[in-house]
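Peer 1: Provided below: input09.pdb, containing PDB, C-alpha atoms.
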```pdb
ATOM      1  CA  MET Y   1      -5.086  11.495   6.415
ATOM      2  CA  ALA Y   2      -2.761  10.712   3.544
ATOM      3  CA  TRP Y   3      -3.162   8.808   0.324
ATOM      4  CA  ARG Y   4      -1.623   8.784  -3.114
ATOM      5  CA  THR Y   5      -2.284   7.059  -6.387
ATOM      6  CA  GLN Y   6      -0.421   7.001  -9.690
ATOM      7  CA  LEU Y   7      -2.956   7.865 -12.360
ATOM      8  CA  CYS Y   8      -0.534   7.243 -15.204
ATOM      9  CA  PRO Y   9       3.281   7.059 -15.441
ATOM     10  CA  ASP Y  10       3.743  10.835 -15.209
ATOM     11  CA  VAL Y  11       0.732  11.869 -13.128
ATOM     12  CA  GLU Y  12       0.079  11.272  -9.419
ATOM     13  CA  LEU Y  13      -2.785  12.467  -7.249
ATOM     14  CA  GLY Y  14      -2.911  12.419  -3.484
ATOM     15  CA  ALA Y  15      -3.846  14.169  -0.279
ATOM     16  CA  GLN Y  16      -1.911  14.787   2.879
ATOM     17  CA  ARG Y  17      -1.762  17.005   5.964
ATOM     18  CA  ALA Y  18       0.882  19.704   5.877
ATOM     19  CA  ASP Y  19       1.374  22.624   8.253
ATOM     20  CA  GLY Y  20      -1.753  21.590  10.122
ATOM     21  CA  ARG Y  21      -3.970  21.788   7.028
ATOM     22  CA  ARG Y  22      -5.222  19.155   4.650
ATOM     23  CA  GLN Y  23      -4.054  19.534   1.067
ATOM     24  CA  MET Y  24      -4.732  17.800  -2.190
ATOM     25  CA  GLU Y  25      -1.580  17.379  -4.241
ATOM     26  CA  LEU Y  26      -1.174  16.771  -7.946
ATOM     27  CA  VAL Y  27       2.282  15.875  -9.260
ATOM     28  CA  LEU Y  28       3.182  16.056 -12.945
ATOM     29  CA  ARG Y  29       6.441  14.794 -14.414
ATOM     30  CA  ASN Y  30       7.523  15.435 -18.005
ATOM     31  CA  VAL Y  31       4.123  16.999 -18.589
ATOM     32  CA  VAL Y  32       3.179  20.551 -19.547
ATOM     33  CA  PRO Y  33      -0.028  21.612 -17.734
ATOM     34  CA  ALA Y  34      -2.158  23.201 -20.425
ATOM     35  CA  ARG Y  35      -5.256  23.923 -18.370
ATOM     36  CA  LEU Y  36      -6.052  23.551 -14.683
ATOM     37  CA  ALA Y  37      -9.535  23.759 -13.146
ATOM     38  CA  LEU Y  38      -9.872  24.140  -9.392
ATOM     39  CA  SER Y  39     -12.958  24.385  -7.220
ATOM     40  CA  PRO Y  40     -11.523  24.819  -3.708
ATOM     41  CA  ALA Y  41     -14.851  24.776  -1.867
ATOM     42  CA  ALA Y  42     -18.444  23.819  -2.475
ATOM     43  CA  GLY Y  43     -20.260  26.628  -4.237
ATOM     44  CA  THR Y  44     -17.041  28.339  -5.332
ATOM     45  CA  PRO Y  45     -16.658  28.870  -9.088
ATOM     46  CA  ALA Y  46     -13.817  26.983 -10.708
ATOM     47  CA  VAL Y  47     -10.624  28.913 -11.318
ATOM     48  CA  TRP Y  48      -9.205  28.429 -14.797
ATOM     49  CA  LEU Y  49      -5.475  29.015 -15.299
ATOM     50  CA  ASP Y  50      -4.762  28.835 -19.005
ATOM     51  CA  THR Y  51      -1.486  30.741 -18.790
ATOM     52  CA  LEU Y  52       0.175  28.376 -16.345
ATOM     53  CA  ALA Y  53       2.088  26.489 -19.043
ATOM     54  CA  THR Y  54       3.796  29.501 -20.581
ATOM     55  CA  GLU Y  55       3.768  31.989 -17.727
ATOM     56  CA  PRO Y  56       3.738  30.045 -14.453
ATOM     57  CA  ALA Y  57       4.578  33.000 -12.221
ATOM     58  CA  ARG Y  58       1.848  35.145 -13.734
ATOM     59  CA  GLY Y  59      -0.573  32.247 -13.720
ATOM     60  CA  LEU Y  60      -0.069  31.597 -10.027
ATOM     61  CA  SER Y  61      -0.944  35.153  -9.163
ATOM     62  CA  TYR Y  62      -4.460  34.703 -10.505
ATOM     63  CA  SER Y  63      -5.704  32.589  -7.604
ATOM     64  CA  ALA Y  64      -5.120  32.584  -3.866
ATOM     65  CA  TRP Y  65      -6.283  28.968  -3.832
ATOM     66  CA  LEU Y  66      -3.416  27.565  -5.855
ATOM     67  CA  ALA Y  67       0.158  27.041  -4.717
ATOM     68  CA  ALA Y  68       2.518  25.506  -7.225
ATOM     69  CA  ARG Y  69       6.188  25.185  -7.958
ATOM     70  CA  ALA Y  70       8.132  24.188 -11.013
ATOM     71  CA  SER Y  71      11.292  22.206 -10.368
ATOM     72  CA  GLY Y  72      12.992  20.944 -13.481
ATOM     73  CA  ARG Y  73      10.254  19.125 -15.348
ATOM     74  CA  GLU Y  74       8.181  18.339 -12.266
ATOM     75  CA  TRP Y  75       5.183  20.440 -11.283
ATOM     76  CA  VAL Y  76       3.522  20.132  -7.874
ATOM     77  CA  PHE Y  77       0.111  21.694  -7.289
ATOM     78  CA  ARG Y  78      -1.339  21.900  -3.793
ATOM     79  CA  VAL Y  79      -4.943  22.851  -3.049
ATOM     80  CA  PRO Y  80      -6.370  23.389   0.481
ATOM     81  CA  LEU Y  81      -9.117  20.983   1.523
ATOM     82  CA  GLN Y  82     -11.876  21.824   3.968
ATOM     83  CA  GLU Y  83     -11.418  20.352   7.429
ATOM     84  CA  GLU Y  84     -13.451  17.302   8.393
ATOM     85  CA  GLY Y  85     -16.928  18.099   9.627
ATOM     86  CA  ARG Y  86     -17.112  21.500   7.921
ATOM     87  CA  GLY Y  87     -19.211  22.035   4.833
ATOM     88  CA  GLU Y  88     -20.101  19.420   2.270
ATOM     89  CA  SER Y  89     -18.089  16.238   2.038
ATOM     90  CA  ALA Y  90     -17.410  16.859  -1.646
ATOM     91  CA  ALA Y  91     -15.809  20.187  -0.828
ATOM     92  CA  THR Y  92     -12.999  20.032  -3.326
ATOM     93  CA  VAL Y  93     -13.063  19.162  -6.997
ATOM     94  CA  LEU Y  94      -9.817  18.887  -8.895
ATOM     95  CA  GLN Y  95      -9.662  18.409 -12.645
ATOM     96  CA  GLN Y  96      -6.430  18.639 -14.586
ATOM     97  CA  TYR Y  97      -5.861  18.485 -18.309
ATOM     98  CA  PRO Y  98      -2.150  18.127 -19.124
ATOM     99  CA  THR Y  99      -0.892  17.488 -22.625
ATOM    100  CA  VAL Y 100       1.641  14.814 -23.458
ATOM    101  CA  GLY Y 101       2.684  15.477 -27.046
ATOM    102  CA  SER Y 102      -0.572  15.696 -28.944
ATOM    103  CA  ALA Y 103      -2.463  13.490 -26.500
ATOM    104  CA  ILE Y 104      -4.735  14.677 -23.699
ATOM    105  CA  VAL Y 105      -4.437  13.002 -20.291
ATOM    106  CA  VAL Y 106      -7.430  13.405 -17.970
ATOM    107  CA  PRO Y 107      -6.579  12.038 -14.519
ATOM    108  CA  GLY Y 108      -9.267  11.497 -11.934
ATOM    109  CA  VAL Y 109     -10.292   9.631  -8.820
ATOM    110  CA  ILE Y 110     -12.302   6.438  -9.288
ATOM    111  CA  VAL Y 111     -14.436   5.132  -6.433
ATOM    112  CA  HIS Y 112     -14.967   1.375  -6.338
ATOM    113  CA  ASP Y 113     -17.761  -0.487  -4.568
ATOM    114  CA  VAL Y 114     -16.182  -3.153  -2.342
ATOM    115  CA  ASN Y 115     -19.218  -5.404  -2.674
ATOM    116  CA  GLU Y 116     -19.023  -5.331  -6.467
ATOM    117  CA  LEU Y 117     -15.312  -6.106  -6.412
ATOM    118  CA  THR Y 118     -15.907  -8.955  -3.975
ATOM    119  CA  GLU Y 119     -18.443 -10.492  -6.352
ATOM    120  CA  LYS Y 120     -15.893 -10.396  -9.167
ATOM    121  CA  LEU Y 121     -13.322 -12.152  -6.988
ATOM    122  CA  PHE Y 122     -15.701 -14.302  -4.967
ATOM    123  CA  PRO Y 123     -13.938 -17.708  -5.220
ATOM    124  CA  ILE Y 124     -10.588 -16.135  -4.288
ATOM    125  CA  VAL Y 125     -11.959 -14.004  -1.452
ATOM    126  CA  GLU Y 126     -14.001 -16.892  -0.055
ATOM    127  CA  ALA Y 127     -10.939 -19.153   0.115
ATOM    128  CA  MET Y 128      -8.878 -16.398   1.744
ATOM    129  CA  GLN Y 129     -11.544 -15.701   4.370
ATOM    130  CA  LYS Y 130     -11.664 -19.378   5.245
ATOM    131  CA  HIS Y 131      -7.947 -19.678   5.951
ATOM    132  CA  PHE Y 132      -6.822 -16.179   6.915
ATOM    133  CA  SER Y 133      -9.439 -14.777   9.273
ATOM    134  CA  ALA Y 134     -10.614 -15.714  12.756
ATOM    135  CA  GLY Y 135     -14.147 -16.333  11.533
ATOM    136  CA  SER Y 136     -17.242 -14.551  10.299
ATOM    137  CA  GLY Y 137     -17.805 -11.171  11.889
ATOM    138  CA  THR Y 138     -14.223 -10.684  13.027
ATOM    139  CA  TYR Y 139     -12.196  -7.671  11.938
ATOM    140  CA  TYR Y 140     -10.046  -9.318   9.278
ATOM    141  CA  SER Y 141     -12.910 -11.367   7.877
ATOM    142  CA  ASP Y 142     -14.132  -8.385   5.840
ATOM    143  CA  ALA Y 143     -13.606  -8.821   2.105
ATOM    144  CA  ILE Y 144     -11.708  -5.539   1.820
ATOM    145  CA  PHE Y 145      -8.717  -7.163   3.550
ATOM    146  CA  PHE Y 146      -8.336  -9.687   0.734
ATOM    147  CA  LEU Y 147      -8.818  -7.637  -2.443
ATOM    148  CA  SER Y 148      -5.131  -6.742  -2.676
ATOM    149  CA  VAL Y 149      -4.138 -10.316  -3.513
ATOM    150  CA  ALA Y 150      -5.994 -10.123  -6.845
ATOM    151  CA  MET Y 151      -6.094  -6.389  -7.516
ATOM    152  CA  HIS Y 152      -4.598  -7.059 -10.950
ATOM    153  CA  ARG Y 153      -7.807  -8.796 -11.976
ATOM    154  CA  ILE Y 154     -10.111  -5.885 -11.199
ATOM    155  CA  MET Y 155      -8.068  -2.764 -11.993
ATOM    156  CA  PRO Y 156      -8.106  -1.357 -15.548
ATOM    157  CA  LYS Y 157      -5.299  -2.644 -17.748
ATOM    158  CA  GLU Y 158      -3.785   0.819 -18.097
ATOM    159  CA  ILE Y 159      -3.070   0.886 -14.348
ATOM    160  CA  THR Y 160       0.212  -0.967 -13.950
ATOM    161  CA  GLN Y 161       1.342  -0.057 -10.429
ATOM    162  CA  ILE Y 162      -0.454   0.617  -7.155
ATOM    163  CA  ILE Y 163       0.745   1.507  -3.690
ATOM    164  CA  GLN Y 164      -1.723   0.363  -1.044
ATOM    165  CA  VAL Y 165      -1.290   1.598   2.524
ATOM    166  CA  ASP Y 166      -3.005   1.259   5.893
ATOM    167  CA  LEU Y 167      -4.555   4.303   7.539
ATOM    168  CA  ASP Y 168      -2.483   4.113  10.737
ATOM    169  CA  LEU Y 169       0.668   5.488   9.102
ATOM    170  CA  LYS Y 170       2.738   8.626   9.521
ATOM    171  CA  TYR Y 171       4.913   9.755   6.636
ATOM    172  CA  LYS Y 172       8.364  11.153   7.347
ATOM    173  CA  THR Y 173       9.214  11.503   3.671
ATOM    174  CA  ASN Y 174       7.236  12.088   0.499
ATOM    175  CA  ILE Y 175       5.452   8.896  -0.449
ATOM    176  CA  ARG Y 176       6.319   9.637  -4.084
ATOM    177  CA  ASP Y 177       9.791   8.319  -3.257
ATOM    178  CA  LEU Y 178       8.260   4.929  -2.550
ATOM    179  CA  PHE Y 179       7.356   4.568  -6.229
ATOM    180  CA  ASP Y 180      11.086   4.362  -6.965
ATOM    181  CA  GLU Y 181      11.113   0.991  -5.209
ATOM    182  CA  PHE Y 182       9.290  -0.496  -8.199
ATOM    183  CA  ASN Y 183      12.557  -0.017 -10.101
ATOM    184  CA  ASN Y 184      14.299  -2.309  -7.593
ATOM    185  CA  PHE Y 185      12.030  -5.312  -8.124
ATOM    186  CA  PRO Y 186      14.103  -8.358  -9.113
ATOM    187  CA  GLU Y 187      12.990 -10.374 -12.108
ATOM    188  CA  GLY Y 188       9.933 -12.424 -11.243
ATOM    189  CA  ALA Y 189       8.873 -10.308  -8.253
ATOM    190  CA  VAL Y 190       5.293  -9.030  -8.309
ATOM    191  CA  ILE Y 191       4.799  -7.462  -4.860
ATOM    192  CA  GLY Y 192       6.886  -5.179  -2.658
ATOM    193  CA  ILE Y 193       6.338  -5.614   1.073
ATOM    194  CA  ALA Y 194       8.251  -5.233   4.356
ATOM    195  CA  ARG Y 195       8.890  -7.989   6.845
ATOM    196  CA  GLU Y 196       6.724  -8.479   9.915
ATOM    197  CA  MET Y 197       8.505  -6.971  12.945
ATOM    198  CA  GLN Y 198       7.010  -9.193  15.632
ATOM    199  CA  PRO Y 199       7.265 -12.968  16.164
ATOM    200  CA  VAL Y 200       3.628 -13.426  15.180
ATOM    201  CA  TYR Y 201       4.503 -16.016  12.515
ATOM    202  CA  ARG Y 202       6.930 -17.781  14.791
ATOM    203  CA  HIS Y 203       3.762 -18.440  16.768
ATOM    204  CA  THR Y 204       1.429 -19.180  13.846
ATOM    205  CA  PHE Y 205       3.805 -21.710  12.267
ATOM    206  CA  TRP Y 206       4.502 -23.458  15.583
ATOM    207  CA  GLN Y 207       3.441 -26.911  14.396
ATOM    208  CA  TYR Y 208       5.398 -26.734  11.149
ATOM    209  CA  ARG Y 209       8.445 -25.498  13.073
ATOM    210  CA  ARG Y 210       8.165 -28.366  15.534
ATOM    211  CA  GLU Y 211       7.992 -30.924  12.716
ATOM    212  CA  ASN Y 212      10.831 -29.204  10.828
ATOM    213  CA  PRO Y 213      13.345 -28.086  13.459
ATOM    214  CA  GLN Y 214      15.897 -26.924  10.861
ATOM    215  CA  THR Y 215      13.463 -24.620   9.066
ATOM    216  CA  LYS Y 216      13.927 -20.854   8.792
ATOM    217  CA  VAL Y 217      10.152 -20.375   8.656
ATOM    218  CA  GLY Y 218       9.197 -17.961  11.431
ATOM    219  CA  ASP Y 219      12.802 -17.181  12.360
ATOM    220  CA  PRO Y 220      13.933 -13.544  12.739
ATOM    221  CA  PRO Y 221      15.896 -11.618  10.102
ATOM    222  CA  PRO Y 222      18.351 -11.325   8.553
ATOM    223  CA  ASP Y 223      18.593 -15.056   7.840
ATOM    224  CA  GLY Y 224      15.128 -16.167   8.905
ATOM    225  CA  LEU Y 225      11.690 -15.871   7.304
ATOM    226  CA  PRO Y 226       9.625 -13.815   9.777
ATOM    227  CA  GLY Y 227       6.728 -13.273   7.390
ATOM    228  CA  PHE Y 228       5.335 -10.048   5.952
ATOM    229  CA  ASN Y 229       3.337  -7.028   7.113
ATOM    230  CA  SER Y 230       0.914  -5.587   4.567
ATOM    231  CA  GLY Y 231       0.667  -2.088   6.039
ATOM    232  CA  VAL Y 232       2.611  -0.824   3.010
ATOM    233  CA  LEU Y 233       2.149  -2.730  -0.249
ATOM    234  CA  LEU Y 234       3.616  -2.166  -3.691
ATOM    235  CA  LEU Y 235       1.544  -4.035  -6.243
ATOM    236  CA  ASN Y 236       3.115  -4.367  -9.672
ATOM    237  CA  LEU Y 237      -0.166  -5.105 -11.393
ATOM    238  CA  GLU Y 238       1.381  -5.803 -14.783
ATOM    239  CA  ALA Y 239       3.819  -8.300 -13.269
ATOM    240  CA  MET Y 240       0.958  -9.892 -11.323
ATOM    241  CA  ARG Y 241      -1.006 -10.264 -14.549
ATOM    242  CA  GLN Y 242       1.939 -11.837 -16.350
ATOM    243  CA  SER Y 243       3.048 -14.211 -13.563
ATOM    244  CA  LYS Y 244       1.707 -17.685 -14.235
ATOM    245  CA  LEU Y 245       3.044 -18.857 -10.886
ATOM    246  CA  TYR Y 246       1.380 -16.137  -8.850
ATOM    247  CA  ASN Y 247      -1.991 -16.670 -10.507
ATOM    248  CA  GLN Y 248      -1.775 -20.404  -9.911
ATOM    249  CA  LEU Y 249      -1.187 -19.735  -6.219
ATOM    250  CA  LEU Y 250      -4.433 -17.750  -6.055
ATOM    251  CA  GLU Y 251      -6.501 -20.782  -6.954
ATOM    252  CA  PRO Y 252      -8.485 -22.105  -3.931
ATOM    253  CA  THR Y 253      -7.034 -25.587  -4.400
ATOM    254  CA  MET Y 254      -3.479 -24.226  -4.166
ATOM    255  CA  VAL Y 255      -4.342 -22.136  -1.115
ATOM    256  CA  GLN Y 256      -5.763 -25.257   0.516
ATOM    257  CA  LYS Y 257      -2.656 -27.273  -0.382
ATOM    258  CA  LEU Y 258      -0.255 -24.737   1.140
ATOM    259  CA  THR Y 259      -2.267 -24.232   4.313
ATOM    260  CA  GLU Y 260      -2.234 -27.999   4.847
ATOM    261  CA  LYS Y 261       1.513 -28.224   4.218
ATOM    262  CA  TYR Y 262       2.304 -25.476   6.738
ATOM    263  CA  HIS Y 263      -0.560 -26.300   9.147
ATOM    264  CA  PHE Y 264      -1.454 -22.660   8.692
ATOM    265  CA  LYS Y 265      -4.489 -20.951  10.159
ATOM    266  CA  GLY Y 266      -4.125 -17.205  10.086
ATOM    267  CA  HIS Y 267      -6.172 -14.242  11.244
ATOM    268  CA  LEU Y 268      -4.543 -11.185   9.604
ATOM    269  CA  GLY Y 269      -6.072 -11.139   6.131
ATOM    270  CA  ASP Y 270      -3.978 -10.610   3.013
ATOM    271  CA  GLN Y 271      -0.659 -10.512   4.853
ATOM    272  CA  ASP Y 272      -1.230 -14.115   5.954
ATOM    273  CA  PHE Y 273      -1.534 -15.127   2.314
ATOM    274  CA  PHE Y 274       1.548 -13.159   1.301
ATOM    275  CA  THR Y 275       3.475 -14.634   4.233
ATOM    276  CA  MET Y 276       2.527 -18.219   3.434
ATOM    277  CA  VAL Y 277       3.306 -17.795  -0.264
ATOM    278  CA  GLY Y 278       6.584 -16.101   0.647
ATOM    279  CA  MET Y 279       7.682 -19.165   2.577
ATOM    280  CA  GLU Y 280       7.171 -21.283  -0.536
ATOM    281  CA  HIS Y 281       8.137 -18.790  -3.257
ATOM    282  CA  PRO Y 282      10.210 -15.879  -1.895
ATOM    283  CA  GLU Y 283      11.165 -14.938  -5.455
ATOM    284  CA  LEU Y 284       7.707 -13.403  -5.930
ATOM    285  CA  PHE Y 285       8.469 -10.627  -3.440
ATOM    286  CA  HIS Y 286      10.677  -7.560  -3.275
ATOM    287  CA  VAL Y 287      11.403  -7.040   0.424
ATOM    288  CA  LEU Y 288      11.127  -3.389   1.425
ATOM    289  CA  ASP Y 289      13.519  -2.000   3.991
ATOM    290  CA  CYS Y 290      11.991  -1.836   7.465
ATOM    291  CA  THR Y 291      12.204   1.976   7.360
ATOM    292  CA  TRP Y 292       9.382   2.002   4.791
ATOM    293  CA  ASN Y 293       7.087   0.248   7.284
ATOM    294  CA  ARG Y 294       8.479   0.817  10.773
ATOM    295  CA  GLN Y 295       5.913  -1.112  12.813
ATOM    296  CA  LEU Y 296       5.487  -0.047  16.432
ATOM    297  CA  CYS Y 297       3.261  -2.736  17.964
ATOM    298  CA  THR Y 298       4.901  -4.682  20.814
ATOM    299  CA  TRP Y 299       2.000  -6.974  21.738
ATOM    300  CA  TRP Y 300       3.977 -10.197  21.294
ATOM    301  CA  ARG Y 301       6.763  -9.031  23.605
ATOM    302  CA  ASP Y 302       4.311  -9.270  26.479
ATOM    303  CA  HIS Y 303       2.720 -12.526  25.350
ATOM    304  CA  GLY Y 304       5.351 -15.200  25.530
ATOM    305  CA  TYR Y 305       8.143 -13.995  23.243
ATOM    306  CA  SER Y 306      10.110 -11.453  25.248
ATOM    307  CA  ASP Y 307      13.309 -13.508  24.885
ATOM    308  CA  VAL Y 308      13.397 -13.190  21.075
ATOM    309  CA  PHE Y 309      11.251 -10.113  20.482
ATOM    310  CA  ASP Y 310      14.075  -7.629  19.879
ATOM    311  CA  GLN Y 311      15.498  -9.803  17.095
ATOM    312  CA  TYR Y 312      12.323  -9.129  15.113
ATOM    313  CA  PHE Y 313      11.689  -5.556  16.259
ATOM    314  CA  GLN Y 314      15.092  -4.045  15.479
ATOM    315  CA  CYS Y 315      15.128  -1.560  12.588
ATOM    316  CA  ASP Y 316      18.196   0.503  11.776
ATOM    317  CA  GLY Y 317      18.121   3.578   9.583
ATOM    318  CA  GLU Y 318      16.103   6.765   9.246
ATOM    319  CA  VAL Y 319      12.410   5.963   9.391
ATOM    320  CA  LYS Y 320      10.434   6.947   6.295
ATOM    321  CA  ILE Y 321       7.008   5.641   7.371
ATOM    322  CA  TYR Y 322       5.835   4.891  10.912
ATOM    323  CA  HIS Y 323       3.119   2.242  11.286
ATOM    324  CA  GLY Y 324       1.089   2.494  14.484
ATOM    325  CA  ASN Y 325      -0.322  -1.005  14.242
ATOM    326  CA  CYS Y 326      -2.460  -2.454  17.066
ATOM    327  CA  ASN Y 327      -3.365   1.136  18.019
ATOM    328  CA  THR Y 328       0.200   1.991  19.059
ATOM    329  CA  PRO Y 329       0.886   5.733  19.430
ATOM    330  CA  ILE Y 330       3.166   7.159  16.741
ATOM    331  CA  PRO Y 331       6.050   9.403  17.906
ATOM    332  CA  GLU Y 332       5.501  13.135  17.569
ATOM    333  CA  ASP Y 333       7.921  15.160  15.503
TER     334      ASP Y 333
END
```
Kindly transcribe the structure held in the file into structure tokens.
Peer 2:
Amino acid sequence: MAWRTQLCPDVELGAQRADGRRQMELVLRNVVPARLALSPAAGTPAVWLDTLATEPARGLSYSAWLAARASGREWVFRVPLQEEGRGESAATVLQQYPTVGSAIVVPGVIVHDVNELTEKLFPIVEAMQKHFSAGSGTYYSDAIFFLSVAMHRIMPKEITQIIQVDLDLKYKTNIRDLFDEFNNFPEGAVIGIAREMQPVYRHTFWQYRRENPQTKVGDPPPDGLPGFNSGVLLLNLEAMRQSKLYNQLLEPTMVQKLTEKYHFKGHLGDQDFFTMVGMEHPELFHVLDCTWNRQLCTWWRDHGYSDVFDQYFQCDGEVKIYHGNCNTPIPED
């Protein structure tokens, strides 16, 4: 289990498994922690550490629950979480009150109801489900697989960047480093995403490819357009809000127009939309290196594409995130 969210430019909150134990992690940059409240387990009184800002070493000694380090102007706090199935589900409460100048920043975790979000985005989600799922009741027909395309319309304005990840991932580096990729977005790009590493879109675009034999649509990298995989997504919400082009492409009439042009009928949710739009407007995307989403599924190698499979599947470099898509086992350390 691992997740991370950027609560504001200098504050991140996440959870991960380290040394066989689950930990919640709070990262502060350019922030002085004035007061930290921790409740490591249900029924345990909160531990208040008022001296942490001025006397970090002394402050740390007050609680066996808190492990922290100061490195330059970055503070990392790690709190043990109860294991799954033991105790109450709300076993850990973390509240942090850092000061930035004279302002008070109160980060927290917000839980959203998928049904409520779907209602807000109903015309968009409905159009996506029609074109990018295998039909009602199938796995990728669920509305949750389409919310990412319009996350900028439902997130608070003060949230400007989001990293959205699948659950079947294994991190070989700190996911905080992935936030640096936002700095590499070219002008006009709104989404960061890695290429699909199987010839799935070579197959899906078969009719368009037959009618346009010189096209690069569905061809393997580095020169082709193999499509995208949404297992790791960087959503620049502010850029998405500001992009007139991207918001026009969300309109059901535009989705219909593009699916007709490419004879496209997908079944993989949001990544089908991103792939189709990327064929038409590649400038909207920052392509992540394959090492940030090293997909492991080899299903298409055994289903008609063994002759070209390795051209899509090759990924050089040290893997940062493994993606065990289609239930593929992830290598052990």
Peer 1: How far is it from atom CA of Y:Tyr322 to atom CA of Y:Gln271, in Å with one decimal?
Peer 2: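 Distance reported for this atom pair: 17.8 Å.
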Peer 1: The PyMOL selection byres ((chain Y and resi 317) around 10) on the file shown: which residues, as a list of chain:residue names?
Peer 2: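 Applied to this file, the PyMOL selection byres ((chain Y and resi 317) around 10) selects Y:Asp289, Y:Cys290, Y:Thr291, Y:Cys315, Y:Asp316, Y:Glu318, Y:Val319, Y:Lys320.
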Peer 1: Hey, can you pull every residue with an atom no more than 7 Å from (7.4, 3.2, 12.2), using all atoms listed in the file, and send it as a list in words?
Peer 2: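 Answer for this query, in the requested form: Thr291, Asn293, Arg294, Gln295, Leu296, Val319, Ile321, Tyr322, His323 and Gly324 of chain Y.
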Peer 1: Given all atoms listed in the file as the basis, pick out the residue of Y:Ala194, Y:Val308, Y:Leu233, Y:Val217 nearest to Y:Val149.
Peer 2: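 Using all atoms listed in the file, the shortest distance to Y:Val149 belongs to Y:Leu233.
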Peer 1: Can you build me a table of stretch 230-285 of chain Y residues sitting at most 7 Å from stretch 111-126 of chain Y, with the closest atom pair per residue and its distance in Å to one decimal, using all atoms listed in the file, sorted by chain and residue number, as JSON lines?
Peer 2:
```
{"residue": "Y:Leu250", "atom": "CA", "partner": "Y:Ile124", "partner_atom": "CA", "distance": 6.6}
{"residue": "Y:Glu251", "atom": "CA", "partner": "Y:Ile124", "partner_atom": "CA", "distance": 6.7}
{"residue": "Y:Pro252", "atom": "CA", "partner": "Y:Ile124", "partner_atom": "CA", "distance": 6.3}
```
Peer 1: Take the point (2.1, -0.5, -7.1) in the file's coordinates, draw a sphere of radius 10 Å around it, and report as a PyMOL selection string every protein, DNA or RNA residue with an atom inside or on it, counting all atoms listed in the file.
Peer 2: chain Y and resi 5-6+159-164+178-179+181-182+190-192+233-238
Peer 1: Here is a test: counting only C-alpha atoms, which residue of Y:Leu268, Y:Met240, Y:Ile330, Y:Leu288 is nearest to Y:Phe145?
Peer 2: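 Closest to Y:Phe145 of all the choices is Y:Leu268.
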Peer 1: So that I can see what lies close to Y:Glu187, please list as number ranges by chain the residues with an atom at most 10 Å from it, counting all atoms listed in the file and leaving out residues fewer than 4 positions away in the same chain.
Peer 2: Y: 239, 283-286
Peer 1: Using Å and a single decimal, report how far atom CA of Y:Lys257 sits from atom CA of Y:His203.
Peer 2: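 Taking atom CA of Y:His203 and atom CA of Y:Lys257, their separation equals 20.3 Å.
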Peer 1: Just want the 9 Å neighbourhood of Y:Pro221, counted on all atoms listed in the file, with same-chain residues fewer than 2 positions away dropped. Output as a ChimeraX atom specification.
Peer 2: /Y:195,219,223-226,311-312
Peer 1: Quick one: pull the distance between atom CA of Y:Gly266 and atom CA of Y:Pro331, Å, one decimal.
Peer 2: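 Atom CA of Y:Gly266 sits 29.5 Å away from atom CA of Y:Pro331.
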Peer 1: Give the answer as one residue: which of Y:Asn327, Y:Thr215, Y:Asn229, Y:Thr204 has the shortest atom-to-atom distance to Y:Lys265, using only C-alpha atoms?
Peer 2: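 Under the stated criterion, the closest residue is Y:Thr204.
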Peer 1: Have a look at Y:Lys216, Y:Gly231, Y:Asp142, Y:Phe274 and name the one nearest to Y:Val255; count all atoms listed in the file.
Peer 2: Y:Phe274
Peer 1: Which residue is closest to Y:Glu211? Choose from Y:Gln198, Y:His263, Y:Asp180, Y:Gly227 and count all atoms listed in the file.
Peer 2: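 Looking at the shortest contact to Y:Glu211, the residue is Y:His263.
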Peer 1: Point out the residue among Y:Asp302, Y:Asp310, Y:Asp166, Y:Asp177 with the least atom-to-atom distance to Y:Val232, counting all atoms listed in the file.
Peer 2: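 The answer is Y:Asp166, which sits nearest to Y:Val232.
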Peer 1: Mind giving me the axis-aligned box for stretch 279-286 of chain Y with 4 Å on every side, centre plus edges in Å to one decimal, as AutoDock Vina command-line options?
Peer 2:
```
--center_x 9.2 --center_y -14.4 --center_z -1.7 --size_x 12.0 --size_y 21.7 --size_z 16.5
```
Peer 1: Could you pull stretch 177-181 of chain Y out of the structure I just pasted and write it to a file containing N, CA, C and O atoms, as a tab-separated table (two decimals), in the first residue's frame?
Peer 2:
```tsv
chain	number	residue	atom	x	y	z
Y	177	ASP	N	10.08	12.20	-5.73
Y	177	ASP	CA	10.91	12.60	-6.88
Y	177	ASP	C	10.08	12.76	-8.14
Y	177	ASP	O	10.48	13.49	-9.06
Y	178	LEU	N	8.94	12.09	-8.19
Y	178	LEU	CA	8.09	12.18	-9.37
Y	178	LEU	C	7.49	13.57	-9.53
Y	178	LEU	O	7.21	14.02	-10.63
Y	179	PHE	N	7.32	14.28	-8.40
Y	179	PHE	CA	6.79	15.64	-8.48
Y	179	PHE	C	7.72	16.56	-9.27
Y	179	PHE	O	7.28	17.55	-9.87
Y	180	ASP	N	9.01	16.24	-9.30
Y	180	ASP	CA	9.94	17.07	-10.07
Y	180	ASP	C	9.63	17.05	-11.56
Y	180	ASP	O	10.02	17.97	-12.29
Y	181	GLU	N	8.95	16.00	-12.02
Y	181	GLU	CA	8.61	15.91	-13.44
Y	181	GLU	C	7.68	17.04	-13.87
Y	181	GLU	O	7.63	17.38	-15.06
```
